[in-house]
Amino acid sequence: MAKDTWWLELHSPDIASAARWGQFVMIGFGLRRLEPPFLPRPFSVGWRGDGRIGLLVRVFGAGSRALAKLDEGERVLLLGPLGRPFRLEPGRPILCLAGGVGLAPFLFLAGEAGREGFAVELRYGERTADRVFDPALIERLTGSPPRIWTEDGGLGQRGRVTDGELDAGATVLGCGPTPMLQALAARAAREELDLQVSVEEHMACGVGTCQGCVVRGIDGRWKKACTEGPVFDARELAWSPV
Amino acid sequence: MAKDTWWLELHSPDIASAARWGQFVMIGFGLRRLEPPFLPRPFSVGWRGDGRIGLLVRVFGAGSRALAKLDEGERVLLLGPLGRPFRLEPGRPILCLAGGVGLAPFLFLAGEAGREGFAVELRYGERTADRVFDPALIERLTGSPPRIWTEDGGLGQRGRVTDGELDAGATVLGCGPTPMLQALAARAAREELDLQVSVEEHMACGVGTCQGCVVRGIDGRWKKACTEGPVFDARELAWSPV
Amino acid sequence: MVSGLRQSVFGAEFQSPVLLASGTCGYGKEYSELIPLDELGGLVTKAVSVEPRTGNPPHRVAETPGGMINAIGLENVGLQAFVTEKLPWLRDNLEKAHVLVNVIGRTAEEYAAVVAGLDEEEGLLGYEINVSCPNVEGGTMFGTDEKALAELVARLRRETERPVIVKLTPNVPDIGVYARICEESGADGLSTINTFPGMLVDIQSRQPVIGNVSGGISGPAILPMGVFLTWRAACASSLPVIGIGGIRSAADALQYLLAGASLVQVGTASFVDPAAAVTVQEGIGSYMESEGLRTVSELVGALSLPEPALS
Amino acid sequence: MVSGLRQSVFGAEFQSPVLLASGTCGYGKEYSELIPLDELGGLVTKAVSVEPRTGNPPHRVAETPGGMINAIGLENVGLQAFVTEKLPWLRDNLEKAHVLVNVIGRTAEEYAAVVAGLDEEEGLLGYEINVSCPNVEGGTMFGTDEKALAELVARLRRETERPVIVKLTPNVPDIGVYARICEESGADGLSTINTFPGMLVDIQSRQPVIGNVSGGISGPAILPMGVFLTWRAACASSLPVIGIGGIRSAADALQYLLAGASLVQVGTASFVDPAAAVTVQEGIGSYMESEGLRTVSELVGALSLPEPALS
Ligand SMILES: Cc1cc2nc3c(=O)[nH]c(=O)nc-3n(C[C@H](O)[C@H](O)[C@H](O)COP(=O)(O)OP(=O)(O)OC[C@H]3O[C@@H](n4cnc5c(N)ncnc54)[C@H](O)[C@@H]3O)c2cc1C
Ligand SMILES: Cc1cc2nc3c(=O)[nH]c(=O)nc-3n(C[C@H](O)[C@H](O)[C@H](O)COP(=O)(O)OP(=O)(O)OC[C@H]3O[C@@H](n4cnc5c(N)ncnc54)[C@H](O)[C@@H]3O)c2cc1C
Ligand SMILES: Cc1cc2nc3c(=O)[nH]c(=O)nc-3n(C[C@H](O)[C@H](O)[C@H](O)COP(=O)(O)O)c2cc1C
Ligand SMILES: Cc1cc2nc3c(=O)[nH]c(=O)nc-3n(C[C@H](O)[C@H](O)[C@H](O)COP(=O)(O)O)c2cc1C
Ligand code: FES
Ligand code: FES
């Protein structure tokens, strides 16, 4: 299994049936808990099937560690599906650029949109080869093998997932660390690409009540990542220079 | 096993070898913990043998529950042995009155003082029969069967452990809920008995630094249960009327 | 629901003493599909200012030991949009739960303008005046300036017949002083407490985690402070008090009621579990049954002083 | 120990920036068999008043969400017994760790009497003036009365050449005001913060858990408040600040140092684990090594303001 990376399947028929690619769930750990994770954490729906949803979790801090440590049969509070999904144009090819666990929503999308007849290409980058999520499992979930980039060159092409050619005729979708999205947005602006990105921000409620999860819009107004996002047209957002 | 009552053995050679009857340990749950029990909890040494100490734990709230839930091999922070032990006069018979888990220090004392040649009688009371700690195990630990009182009369004599005759020639030792100790102290005063009691008070440090654990002395001054007690001569304390 | 949960306060009947706290339930609609909003005592809207506010840069929230920090910056749609876009939903969808509008302003005039602008509208019971935000002119806060607070409350009293509830800040030497000022100036009630100023530093980046550098601390960590300040406020004035701070269980809410709160609000706990307020409400009902209580009012301020066992 | 842990403050060299907080380490002796006291930066004694104090009835301590409440009532042996019974042990047993004596009084005269009574004695570096206790006459507290505080500090300044460190209360609208007053009145440093007033109610007995009804809240729950107030105090004055509140790990202590604290104190955490301060101290050393820092002073106030990712 990839370093610090876990595949988690949670039983939740309602969320599984309602979820759409790019949406996320808030995972809460209960009112009795005081230790971190105290607040719920947002995680992208990475797959769905027979009443379950799959999450791709990378251990970063308390929340992801708590999920990685979940035992068979343990319960968590699930809120979702939340947020606005990726918007696909019928007939238009789709190019997914995943950085790290930004891969999660694309496992879902490439799998289902592919079956719906969309032409989907998945590119996936990690810093090091040991962090790459099992390509065989990716292929099983998405129907085709991903093109892989690693910065250490240990697997696939050496370099960043944002290095490759970007087809102007495709709808480009990006999900990953903010610096990656910034680089991608800058390229999209130069090359006039149609780019949607899924952003990350700290969240408390996940449903629009706390206003905690904002990113700046091009109009200078703050947009809520949880309800107006997490997927935004890159042109909607005010990107800081890379 | 008795209702809500657990026998716990912890590996701690230093404490086991140093402990004396009536002393206690502070059990801490670690600096990472925020949920109750946040502060350590005091528990009487109920037995010692081959590098281990035995604790008699009754589930009351968070701390005792956490102990009851301890898995084989789990670690806790142990501080001890702490406090002043029961003081025995060579040649003088000893009468131990235990209320509920106030039994703990007397399991230790009756066992060891008995082997040292003291004439020890153990009387043990519980509210209901289902809470009575296994008499066979008590006998194994102390060398003789206890005299048992239950308020529901379900086991042993009906009534309170403080109901029986008290021999003025004996050193009477009491440990249990404060109302029981109050009743006992009142009797000791009337019947001019030589009584030592082990008191309970909230504790934070267990070693005399926080001054949190006080009981009122006869001189009006506060005494620290952790360092000046937990065992006091009943005459040292200012008892409120029963 | 236990009929005994009813509470008459501010001349209105609350079906339950449990409300959702301002800033933690948006404008109601956001939670409407998640919980039975109309079965609660009510909710307090996000702060409303006369003009829209954009708020602070991210990060706006993060967790702290036993709680969280937030620096939203009172972002809100402003009075006009609230009346046209938010209030109608509340009016049309809440029949039993009461609505209090949380009001902020930089000056007394701004506060008064919001109250005046809402006073003709249906769909709200009254106003919760948030005096814990900076008064730009003076740089002080109404909540910590006795004279400014007295003038503000008196001014608002003239603007409306509806209940004016002042939400006090905990950052004062004696909250009782401010409670009395509110009473003398004509307020109908008090809300205690708002958040404590706090700060969280990321020791790797050496930067504050919060974009605004500092923020307000809420959640279980502040429960005992909130209970104490509610008790002080309730003792110092005869106004009904709404207890707020760290409530995540019926036991927590009961501490506030016993300390003198007539109602309580659940805030941060709703993020951890949207059903928190419902659970708290049900738990209060069970406690009342087991204690043989018929009305919540029997609990309010029913604190008795302890007798130490040995003394 | 990393030599880099050394910190020069108050004209003295501390071998480490980590001290034990007043009231949580008694008079030192109690912990001497449990931890290597003399390897710490130092300790602050339990409060010393001119006359002995008996303190409050039980319960005096209990836990709260993420922390604890205490109402000891400043019980202490009084000046004379401190000098004859407690100070000698500290003098004889601590060679490297510094001792600060925490001083309380009902009046400025009482504070001055304690300082005067100790000033000829060896074995202490200076005084931590606890101004968070009620001034019986006025019913106010020195810590929340600007004029009284200025006079007290000026008065104590005249009594001693030794460092006078004022321990501020968090219950004020702006701690910076009091920080500046202390500086202008001649103090050598500040300690931030003391506990927050709080209360815990036993819903079964309907009584306060604490014999004194209310008490002070400490522990992890107050960490972000302490970091914020330390930052404010450090910004508002040029005095060295001792950061206190909720520290249980090196990461916590580092937040205080980055926010501007020159030293830190560990309190409640020592109850959970007597070795807490030692662990914190070692952790700061490891952090400095991994970050390639040579002195603690490089960390003090090294906070940089954040740039939001998207803005
Ligand atoms: C829409 C969305 C989808 C995501 N999908 C995935 C995914 O599929 N797989 C995955 O591994 N991660 C995903 N994340 C990131 C994930 O939510 C966590 O932020 C990440 O796991 C780190 O949190 P932690 O608790 O492990 O670490 P922590 O150290 O607890 O948190 C890491 C940082 O996040 C901050 N934080 C605190 N509270 C929150 C909060 N409530 N929400 C977010 N951050 C917080 C902390 O302050 C800290 O700075 C997603 C985030 C968002 C917003
Ligand atoms: C010297 C001594 C010896 C003891 N020996 C035993 C024993 O052998 N077996 C046994 O079952 N119990 C013993 N106790 C009682 C035990 O320490 C706990 O108080 C009891 O288990 C209840 O604590 P809890 O955490 O389970 O319940 P909680 O509900 O957490 O605590 C029960 C009450 O104790 C209060 N409390 C909180 N913190 C503390 C603290 N640090 N210390 C004490 N009380 C606190 C709570 O506020 C609450 O009011 C002893 C107590 C003392 C003082
Ligand atoms: C994200 C967030 C936003 C808040 N916004 C407001 C607000 O707009 N007006 C207000 O008076 N209080 C606001 N508060 C304070 C809460 O209403 C409440 O007083 C505080 O959070 C303490 O309660 P709790 O511990 O239950 O959260 C906010 C709190 C949080 C966490
Ligand atoms: C039991 C106890 C007793 C205390 N006694 C004093 C005291 O005598 N003087 C004082 O200035 N602070 C006293 N304090 C406050 C601490 O020194 C410290 O400021 C506070 O506890 C916050 O730090 P912490 O969260 O690390 O405990 C006491 C704290 C506790 C818990
Ligand atoms: S997380 Fe609360 S508004 Fe987005
Ligand atoms: S428990 Fe701290 S002094 Fe006794």
# chains A, B, ... in the order shown; residues from 1 in each chain; ligands from 1
$ calpha_fit_and_write --fixed "chain C" --moving "chain D" --output "short mmCIF file (atom, residue, chain, number, x, y, z; two decimals) with C-alpha atoms, in the first residue's frame"
data_model
loop_
_atom_site.label_atom_id
_atom_site.label_comp_id
_atom_site.auth_asym_id
_atom_site.auth_seq_id
_atom_site.Cartn_x
_atom_site.Cartn_y
_atom_site.Cartn_z
CA MET D 1 -41.39 16.25 23.34
CA VAL D 2 -42.01 16.84 27.06
CA SER D 3 -44.51 19.67 27.31
CA GLY D 4 -42.55 20.58 30.43
CA LEU D 5 -39.77 21.90 28.21
CA ARG D 6 -41.84 25.04 27.61
CA GLN D 7 -40.33 28.26 28.87
CA SER D 8 -41.95 31.69 28.89
CA VAL D 9 -39.34 34.37 28.40
CA PHE D 10 -39.31 37.83 26.82
CA GLY D 11 -43.11 37.74 26.81
CA ALA D 12 -43.05 34.80 24.44
CA GLU D 13 -43.46 31.08 24.88
CA PHE D 14 -40.50 28.91 23.86
CA GLN D 15 -41.40 25.26 23.25
CA SER D 16 -37.93 24.38 24.50
CA PRO D 17 -35.13 26.28 26.25
CA VAL D 18 -32.63 25.22 23.58
CA LEU D 19 -31.70 27.59 20.73
CA LEU D 20 -28.99 27.55 18.07
CA ALA D 21 -26.28 30.16 18.63
CA SER D 22 -25.52 33.02 16.28
CA GLY D 23 -22.96 32.28 13.58
CA THR D 24 -23.29 28.55 13.99
CA CYS D 25 -26.58 28.03 12.17
CA GLY D 26 -26.31 30.53 9.32
CA TYR D 27 -29.78 31.89 8.61
CA GLY D 28 -31.51 28.63 9.49
CA LYS D 29 -32.09 27.32 6.00
CA GLU D 30 -28.68 25.64 5.84
CA TYR D 31 -29.64 23.23 8.64
CA SER D 32 -33.26 22.78 7.65
CA GLU D 33 -32.71 19.50 5.85
CA LEU D 34 -30.46 18.15 8.57
CA ILE D 35 -32.43 18.71 11.76
CA PRO D 36 -36.05 19.43 12.77
CA LEU D 37 -35.36 23.16 13.25
CA ASP D 38 -38.95 23.98 14.06
CA GLU D 39 -38.90 21.68 17.08
CA LEU D 40 -36.17 23.66 18.81
CA GLY D 41 -36.72 26.65 21.05
CA GLY D 42 -35.39 28.77 18.26
CA LEU D 43 -32.29 30.10 16.59
CA VAL D 44 -30.20 33.23 16.47
CA THR D 45 -29.17 34.38 13.01
CA LYS D 46 -25.66 35.19 11.90
CA ALA D 47 -24.85 38.81 12.76
CA VAL D 48 -26.58 41.36 10.56
CA SER D 49 -25.00 44.75 9.90
CA VAL D 50 -26.48 47.70 8.07
CA GLU D 51 -24.11 47.21 5.12
CA PRO D 52 -22.82 43.84 3.86
CA ARG D 53 -19.44 42.80 5.30
CA THR D 54 -16.85 40.80 3.42
CA GLY D 55 -15.14 39.30 6.44
CA ASN D 56 -11.62 38.01 7.07
CA PRO D 57 -9.14 36.08 4.93
CA PRO D 58 -8.65 32.33 5.48
CA HIS D 59 -7.97 30.34 7.50
CA ARG D 60 -11.06 31.38 9.40
CA VAL D 61 -11.47 28.29 11.57
CA ALA D 62 -9.26 25.72 13.20
CA GLU D 63 -9.46 23.58 16.26
CA THR D 64 -7.89 24.27 19.63
CA PRO D 65 -7.64 22.03 22.72
CA GLY D 66 -11.24 21.11 23.52
CA GLY D 67 -12.64 23.75 21.22
CA MET D 68 -12.12 25.85 18.15
CA ILE D 69 -11.00 29.27 17.04
CA ASN D 70 -12.87 31.35 14.50
CA ALA D 71 -12.31 34.70 12.85
CA ILE D 72 -15.09 35.03 10.33
CA GLY D 73 -15.03 38.79 10.59
CA LEU D 74 -18.78 39.09 10.89
CA GLU D 75 -19.18 38.47 7.17
CA ASN D 76 -22.85 38.89 6.40
CA VAL D 77 -25.20 39.83 3.62
CA GLY D 78 -26.24 43.11 5.21
CA LEU D 79 -29.65 44.39 6.27
CA GLN D 80 -31.31 44.67 2.87
CA ALA D 81 -30.33 41.23 1.59
CA PHE D 82 -31.24 39.76 4.96
CA VAL D 83 -34.73 41.18 4.69
CA THR D 84 -35.24 40.15 1.08
CA GLU D 85 -33.30 36.87 0.87
CA LYS D 86 -33.02 35.36 4.37
CA LEU D 87 -35.88 36.51 6.55
CA PRO D 88 -38.66 35.26 4.23
CA TRP D 89 -37.45 31.67 4.54
CA LEU D 90 -37.41 31.92 8.32
CA ARG D 91 -40.86 33.48 8.36
CA ASP D 92 -42.31 30.84 6.06
CA ASN D 93 -40.63 27.78 7.50
CA LEU D 94 -40.49 28.30 11.26
CA GLU D 95 -43.87 28.26 12.94
CA LYS D 96 -42.95 27.23 16.47
CA ALA D 97 -39.24 27.99 16.81
CA HIS D 98 -38.47 31.62 17.59
CA VAL D 99 -36.00 33.73 15.62
CA LEU D 100 -33.66 36.24 17.21
CA VAL D 101 -31.63 38.42 14.88
CA ASN D 102 -28.03 39.01 15.97
CA VAL D 103 -27.21 42.67 15.35
CA ILE D 104 -23.83 44.37 14.95
CA GLY D 105 -22.67 47.84 14.08
CA ARG D 106 -19.66 50.09 14.23
CA THR D 107 -21.67 52.89 15.80
CA ALA D 108 -24.89 53.18 17.79
CA GLU D 109 -26.45 54.59 14.64
CA GLU D 110 -25.59 51.47 12.68
CA TYR D 111 -27.09 49.23 15.36
CA ALA D 112 -30.18 51.41 15.44
CA ALA D 113 -30.48 51.34 11.65
CA VAL D 114 -30.53 47.53 11.62
CA VAL D 115 -33.16 47.36 14.35
CA ALA D 116 -35.24 50.07 12.69
CA GLY D 117 -34.92 48.32 9.34
CA LEU D 118 -36.23 45.06 10.78
CA ASP D 119 -38.83 46.32 13.18
CA GLU D 120 -41.66 46.42 10.64
CA GLU D 121 -40.82 42.91 9.43
CA GLU D 122 -42.57 39.75 10.52
CA GLY D 123 -40.74 36.54 11.29
CA LEU D 124 -38.54 37.53 14.18
CA LEU D 125 -39.17 37.67 17.91
CA GLY D 126 -36.45 40.11 18.87
CA TYR D 127 -32.86 41.20 18.69
CA GLU D 128 -29.65 39.85 20.16
CA ILE D 129 -27.29 42.80 20.26
CA ASN D 130 -23.70 41.71 19.75
CA VAL D 131 -21.60 44.30 21.57
CA SER D 132 -18.35 42.42 21.29
CA CYS D 133 -17.24 43.90 17.99
CA PRO D 134 -14.82 46.83 17.65
CA ASN D 135 -16.25 50.30 17.50
CA VAL D 136 -14.03 51.66 14.77
CA GLU D 137 -14.22 55.30 15.84
CA GLY D 138 -13.14 54.86 19.43
CA GLY D 139 -11.31 51.62 18.91
CA THR D 140 -13.13 50.49 22.05
CA MET D 141 -15.98 47.98 22.18
CA PHE D 142 -19.49 48.75 23.32
CA GLY D 143 -19.27 45.62 25.41
CA THR D 144 -16.38 46.94 27.47
CA ASP D 145 -17.31 50.63 27.63
CA GLU D 146 -19.94 51.22 30.31
CA LYS D 147 -21.08 54.59 29.04
CA ALA D 148 -21.20 53.58 25.37
CA LEU D 149 -23.15 50.43 26.29
CA ALA D 150 -25.71 52.35 28.34
CA GLU D 151 -26.29 54.79 25.49
CA LEU D 152 -26.51 52.04 22.89
CA VAL D 153 -29.07 50.03 24.84
CA ALA D 154 -31.16 53.12 25.63
CA ARG D 155 -31.02 54.10 21.97
CA LEU D 156 -32.16 50.65 20.77
CA ARG D 157 -34.88 50.59 23.41
CA ARG D 158 -36.37 53.65 21.74
CA GLU D 159 -36.25 51.95 18.33
CA THR D 160 -38.33 48.89 19.15
CA GLU D 161 -40.95 47.31 21.35
CA ARG D 162 -39.50 43.90 20.63
CA PRO D 163 -37.16 42.15 23.07
CA VAL D 164 -33.67 43.63 23.09
CA ILE D 165 -31.21 41.03 24.36
CA VAL D 166 -27.62 42.14 24.86
CA LYS D 167 -24.93 39.59 24.19
CA LEU D 168 -22.09 40.34 26.57
CA THR D 169 -18.39 39.78 26.13
CA PRO D 170 -16.51 37.74 28.76
CA ASN D 171 -13.44 39.98 28.64
CA VAL D 172 -14.36 42.23 31.53
CA PRO D 173 -13.34 42.21 35.18
CA ASP D 174 -16.96 41.98 36.38
CA ILE D 175 -19.74 41.05 33.97
CA GLY D 176 -22.28 41.98 36.64
CA VAL D 177 -21.53 45.66 36.08
CA TYR D 178 -22.51 45.36 32.43
CA ALA D 179 -25.53 43.22 33.26
CA ARG D 180 -26.84 45.97 35.53
CA ILE D 181 -26.12 48.66 32.94
CA CYS D 182 -28.17 46.74 30.40
CA GLU D 183 -31.05 46.36 32.84
CA GLU D 184 -31.02 50.03 33.83
CA SER D 185 -30.86 51.08 30.18
CA GLY D 186 -33.96 49.11 29.30
CA ALA D 187 -32.73 45.79 27.88
CA ASP D 188 -35.06 42.80 28.10
CA GLY D 189 -32.42 40.13 28.49
CA LEU D 190 -28.78 39.08 28.33
CA SER D 191 -26.84 36.48 26.41
CA THR D 192 -23.69 35.15 28.05
CA ILE D 193 -21.23 34.54 26.56
CA ASN D 194 -19.50 35.36 23.33
CA THR D 195 -16.09 33.88 22.48
CA PHE D 196 -12.76 34.49 24.23
CA PRO D 197 -10.00 36.09 22.15
CA GLY D 198 -7.37 33.52 21.30
CA MET D 199 -4.58 32.69 18.92
CA LEU D 200 -3.06 29.60 17.38
CA VAL D 201 0.48 29.50 15.99
CA ASP D 202 1.74 27.00 13.41
CA ILE D 203 5.22 26.28 14.76
CA GLN D 204 6.44 25.01 11.40
CA SER D 205 5.52 28.05 9.31
CA ARG D 206 5.81 30.30 12.40
CA GLN D 207 2.60 31.96 11.26
CA PRO D 208 -0.73 32.33 13.02
CA VAL D 209 -3.03 29.57 11.72
CA ILE D 210 -5.85 32.11 11.46
CA GLY D 211 -5.71 34.66 8.63
CA ASN D 212 -6.90 37.36 10.98
CA VAL D 213 -4.06 36.38 13.38
CA SER D 214 -6.40 36.15 16.37
CA GLY D 215 -9.92 34.84 16.69
CA GLY D 216 -12.61 33.80 19.15
CA ILE D 217 -12.40 30.59 21.17
CA SER D 218 -15.54 28.53 21.57
CA GLY D 219 -16.53 24.99 22.39
CA PRO D 220 -16.32 22.74 25.46
CA ALA D 221 -13.12 24.45 26.62
CA ILE D 222 -15.10 27.55 27.65
CA LEU D 223 -18.01 25.76 29.35
CA PRO D 224 -17.00 26.52 32.97
CA MET D 225 -16.30 30.16 32.14
CA GLY D 226 -19.69 30.48 30.51
CA VAL D 227 -21.49 28.88 33.44
CA PHE D 228 -19.71 31.22 35.85
CA LEU D 229 -20.41 34.37 33.84
CA THR D 230 -24.05 33.33 33.37
CA TRP D 231 -24.32 32.88 37.12
CA ARG D 232 -22.77 36.29 37.76
CA ALA D 233 -25.00 38.00 35.20
CA ALA D 234 -28.11 36.30 36.59
CA CYS D 235 -27.21 37.31 40.15
CA ALA D 236 -26.36 40.89 39.21
CA SER D 237 -29.58 41.70 37.38
CA SER D 238 -33.17 40.52 37.25
CA LEU D 239 -33.07 40.13 33.47
CA PRO D 240 -33.57 36.68 31.95
CA VAL D 241 -30.23 35.31 30.75
CA ILE D 242 -29.48 33.06 27.80
CA GLY D 243 -26.59 30.77 28.72
CA ILE D 244 -24.03 30.13 25.97
CA GLY D 245 -20.65 28.48 25.79
CA GLY D 246 -19.42 24.95 25.29
CA ILE D 247 -22.76 23.19 25.55
CA ARG D 248 -22.66 19.74 23.93
CA SER D 249 -24.87 17.69 26.27
CA ALA D 250 -27.98 18.04 28.40
CA ALA D 251 -25.73 17.96 31.48
CA ASP D 252 -23.88 21.03 30.17
CA ALA D 253 -27.13 22.86 29.46
CA LEU D 254 -28.46 21.95 32.91
CA GLN D 255 -25.41 23.53 34.52
CA TYR D 256 -26.38 26.80 32.81
CA LEU D 257 -30.04 26.53 33.80
CA LEU D 258 -29.17 25.78 37.42
CA ALA D 259 -26.73 28.71 37.38
CA GLY D 260 -29.60 30.99 36.37
CA ALA D 261 -30.03 30.81 32.60
CA SER D 262 -33.64 30.88 31.37
CA LEU D 263 -32.63 29.61 27.93
CA VAL D 264 -29.46 28.17 26.43
CA GLN D 265 -27.80 28.26 23.03
CA VAL D 266 -25.80 25.52 21.35
CA GLY D 267 -23.05 26.69 19.00
CA THR D 268 -19.84 24.86 18.17
CA ALA D 269 -21.35 21.49 19.08
CA SER D 270 -23.61 21.72 16.01
CA PHE D 271 -20.50 21.56 13.82
CA VAL D 272 -19.39 18.35 15.50
CA ASP D 273 -22.91 16.94 15.19
CA PRO D 274 -25.78 18.93 13.64
CA ALA D 275 -28.17 17.03 15.90
CA ALA D 276 -26.43 18.30 19.04
CA ALA D 277 -29.13 20.81 19.99
CA VAL D 278 -31.87 18.21 19.51
CA THR D 279 -29.95 15.75 21.69
CA VAL D 280 -29.46 18.40 24.36
CA GLN D 281 -33.16 19.23 24.28
CA GLU D 282 -34.21 15.59 24.60
CA GLY D 283 -31.72 15.05 27.41
CA ILE D 284 -33.13 17.96 29.39
CA GLY D 285 -36.54 16.33 29.03
CA SER D 286 -35.28 13.00 30.36
CA TYR D 287 -33.55 14.71 33.27
CA MET D 288 -36.76 16.54 34.17
CA GLU D 289 -38.71 13.31 34.08
CA SER D 290 -36.19 11.44 36.22
CA GLU D 291 -36.08 14.35 38.67
CA GLY D 292 -39.85 14.69 38.63
CA LEU D 293 -39.80 18.28 37.41
CA ARG D 294 -42.82 19.72 35.63
CA THR D 295 -41.41 22.93 34.22
CA VAL D 296 -37.99 24.19 33.19
CA SER D 297 -38.54 27.22 35.38
CA GLU D 298 -38.18 24.96 38.43
CA LEU D 299 -34.58 24.46 37.34
CA VAL D 300 -33.66 28.04 36.53
CA GLY D 301 -31.32 29.36 39.19
CA ALA D 302 -32.08 26.36 41.42
CA LEU D 303 -28.42 26.20 42.46
CA SER D 304 -27.86 25.45 46.14
CA LEU D 305 -24.62 26.15 47.94
CA PRO D 306 -22.50 23.18 49.00
CA GLU D 307 -21.73 21.95 52.50
CA PRO D 308 -18.21 20.54 52.60
CA ALA D 309 -18.25 16.99 53.98
CA LEU D 310 -15.61 17.64 56.63
CA SER D 311 -15.72 21.12 58.09
#
$ residues_around --residues "A:Gln196" --least-positions-apart "4" --cutoff "12 Å" --atoms "only C-alpha atoms" --output "ChimeraX atom specification"
/A:22,84-88,94-97,170-176,181-182,184-185,188-189,229-237
$ write_last_selection --atoms "C-alpha atoms" --output "CSV table (one decimal), in the first residue's frame"
chain,number,residue,atom,x,y,z
A,22,GLY,CA,-16.3,16.1,-6.9
A,84,ARG,CA,-20.9,21.3,-6.0
A,85,PRO,CA,-19.6,18.5,-8.3
A,86,PHE,CA,-17.4,18.8,-11.4
A,87,ARG,CA,-19.4,20.0,-14.3
A,88,LEU,CA,-18.9,18.0,-17.5
A,94,ILE,CA,-12.0,15.3,-19.9
A,95,LEU,CA,-8.5,15.6,-18.6
A,96,CYS,CA,-8.1,15.0,-14.8
A,97,LEU,CA,-4.9,16.2,-13.1
A,170,ALA,CA,-10.6,19.2,-23.2
A,171,THR,CA,-12.3,20.2,-19.9
A,172,VAL,CA,-9.3,20.2,-17.5
A,173,LEU,CA,-10.0,19.2,-13.9
A,174,GLY,CA,-7.5,19.7,-11.1
A,175,CYS,CA,-7.4,18.6,-7.6
A,176,GLY,CA,-4.4,18.7,-5.2
A,181,LEU,CA,-3.7,24.4,-8.4
A,182,GLN,CA,-2.1,27.8,-8.5
A,184,LEU,CA,-2.4,24.9,-13.1
A,185,ALA,CA,-4.5,28.1,-12.9
A,188,ALA,CA,-4.8,27.7,-17.8
A,189,ALA,CA,-4.9,31.5,-18.0
A,229,GLY,CA,-17.3,24.8,-4.1
A,230,PRO,CA,-15.2,22.8,-3.6
A,231,VAL,CA,-15.2,22.7,-7.4
A,232,PHE,CA,-14.8,26.1,-9.0
A,233,ASP,CA,-14.1,27.3,-12.5
A,234,ALA,CA,-10.5,28.5,-12.2
A,235,ARG,CA,-11.6,31.9,-13.6
A,236,GLU,CA,-13.9,32.5,-10.6
A,237,LEU,CA,-11.0,32.6,-8.2
$ residues_around --residues "A:Pro146" --least-positions-apart "4" --cutoff "9 Å" --atoms "only C-alpha atoms" --output "list in words"
Glu121, Leu122, Arg123, Tyr124, Pro135, Ile138, Glu139 and Thr142 of chain A
$ residues_around --residues "A:Pro81" --least-positions-apart "5" --cutoff "6 Å" --atoms "only C-alpha atoms" --output "short mmCIF file (atom, residue, chain, number, x, y, z; two decimals) with all heavy atoms, in the first residue's frame"
data_model
loop_
_atom_site.label_atom_id
_atom_site.label_comp_id
_atom_site.auth_asym_id
_atom_site.auth_seq_id
_atom_site.Cartn_x
_atom_site.Cartn_y
_atom_site.Cartn_z
N ILE A 15 -25.80 8.35 1.06
CA ILE A 15 -24.73 9.15 0.45
C ILE A 15 -24.26 8.48 -0.83
O ILE A 15 -24.07 9.13 -1.85
CB ILE A 15 -23.56 9.34 1.45
CG1 ILE A 15 -24.04 10.15 2.65
CG2 ILE A 15 -22.39 10.01 0.76
CD1 ILE A 15 -22.99 10.36 3.72
N ALA A 19 -24.41 10.73 -4.15
CA ALA A 19 -23.13 11.40 -4.43
C ALA A 19 -22.87 11.61 -5.92
O ALA A 19 -23.26 10.79 -6.75
CB ALA A 19 -21.99 10.60 -3.81
N GLN A 23 -18.00 15.78 -5.17
CA GLN A 23 -18.61 16.10 -3.87
C GLN A 23 -17.82 15.47 -2.74
O GLN A 23 -16.97 14.61 -2.96
CB GLN A 23 -20.06 15.61 -3.84
CG GLN A 23 -20.98 16.44 -4.73
CD GLN A 23 -22.43 16.09 -4.49
OE1 GLN A 23 -22.85 14.95 -4.71
NE2 GLN A 23 -23.19 17.07 -4.03
N PHE A 24 -18.09 15.92 -1.52
CA PHE A 24 -17.34 15.43 -0.36
C PHE A 24 -18.28 15.12 0.78
O PHE A 24 -19.49 15.42 0.71
CB PHE A 24 -16.27 16.46 0.05
CG PHE A 24 -16.84 17.73 0.63
CD1 PHE A 24 -16.93 17.92 2.00
CD2 PHE A 24 -17.27 18.76 -0.21
CE1 PHE A 24 -17.45 19.10 2.53
CE2 PHE A 24 -17.79 19.95 0.32
CZ PHE A 24 -17.87 20.11 1.69
N VAL A 25 -17.73 14.51 1.81
CA VAL A 25 -18.49 14.25 3.05
C VAL A 25 -17.74 14.88 4.21
O VAL A 25 -16.52 15.03 4.16
CB VAL A 25 -18.65 12.73 3.31
CG1 VAL A 25 -19.56 12.11 2.25
CG2 VAL A 25 -17.30 12.03 3.34
#
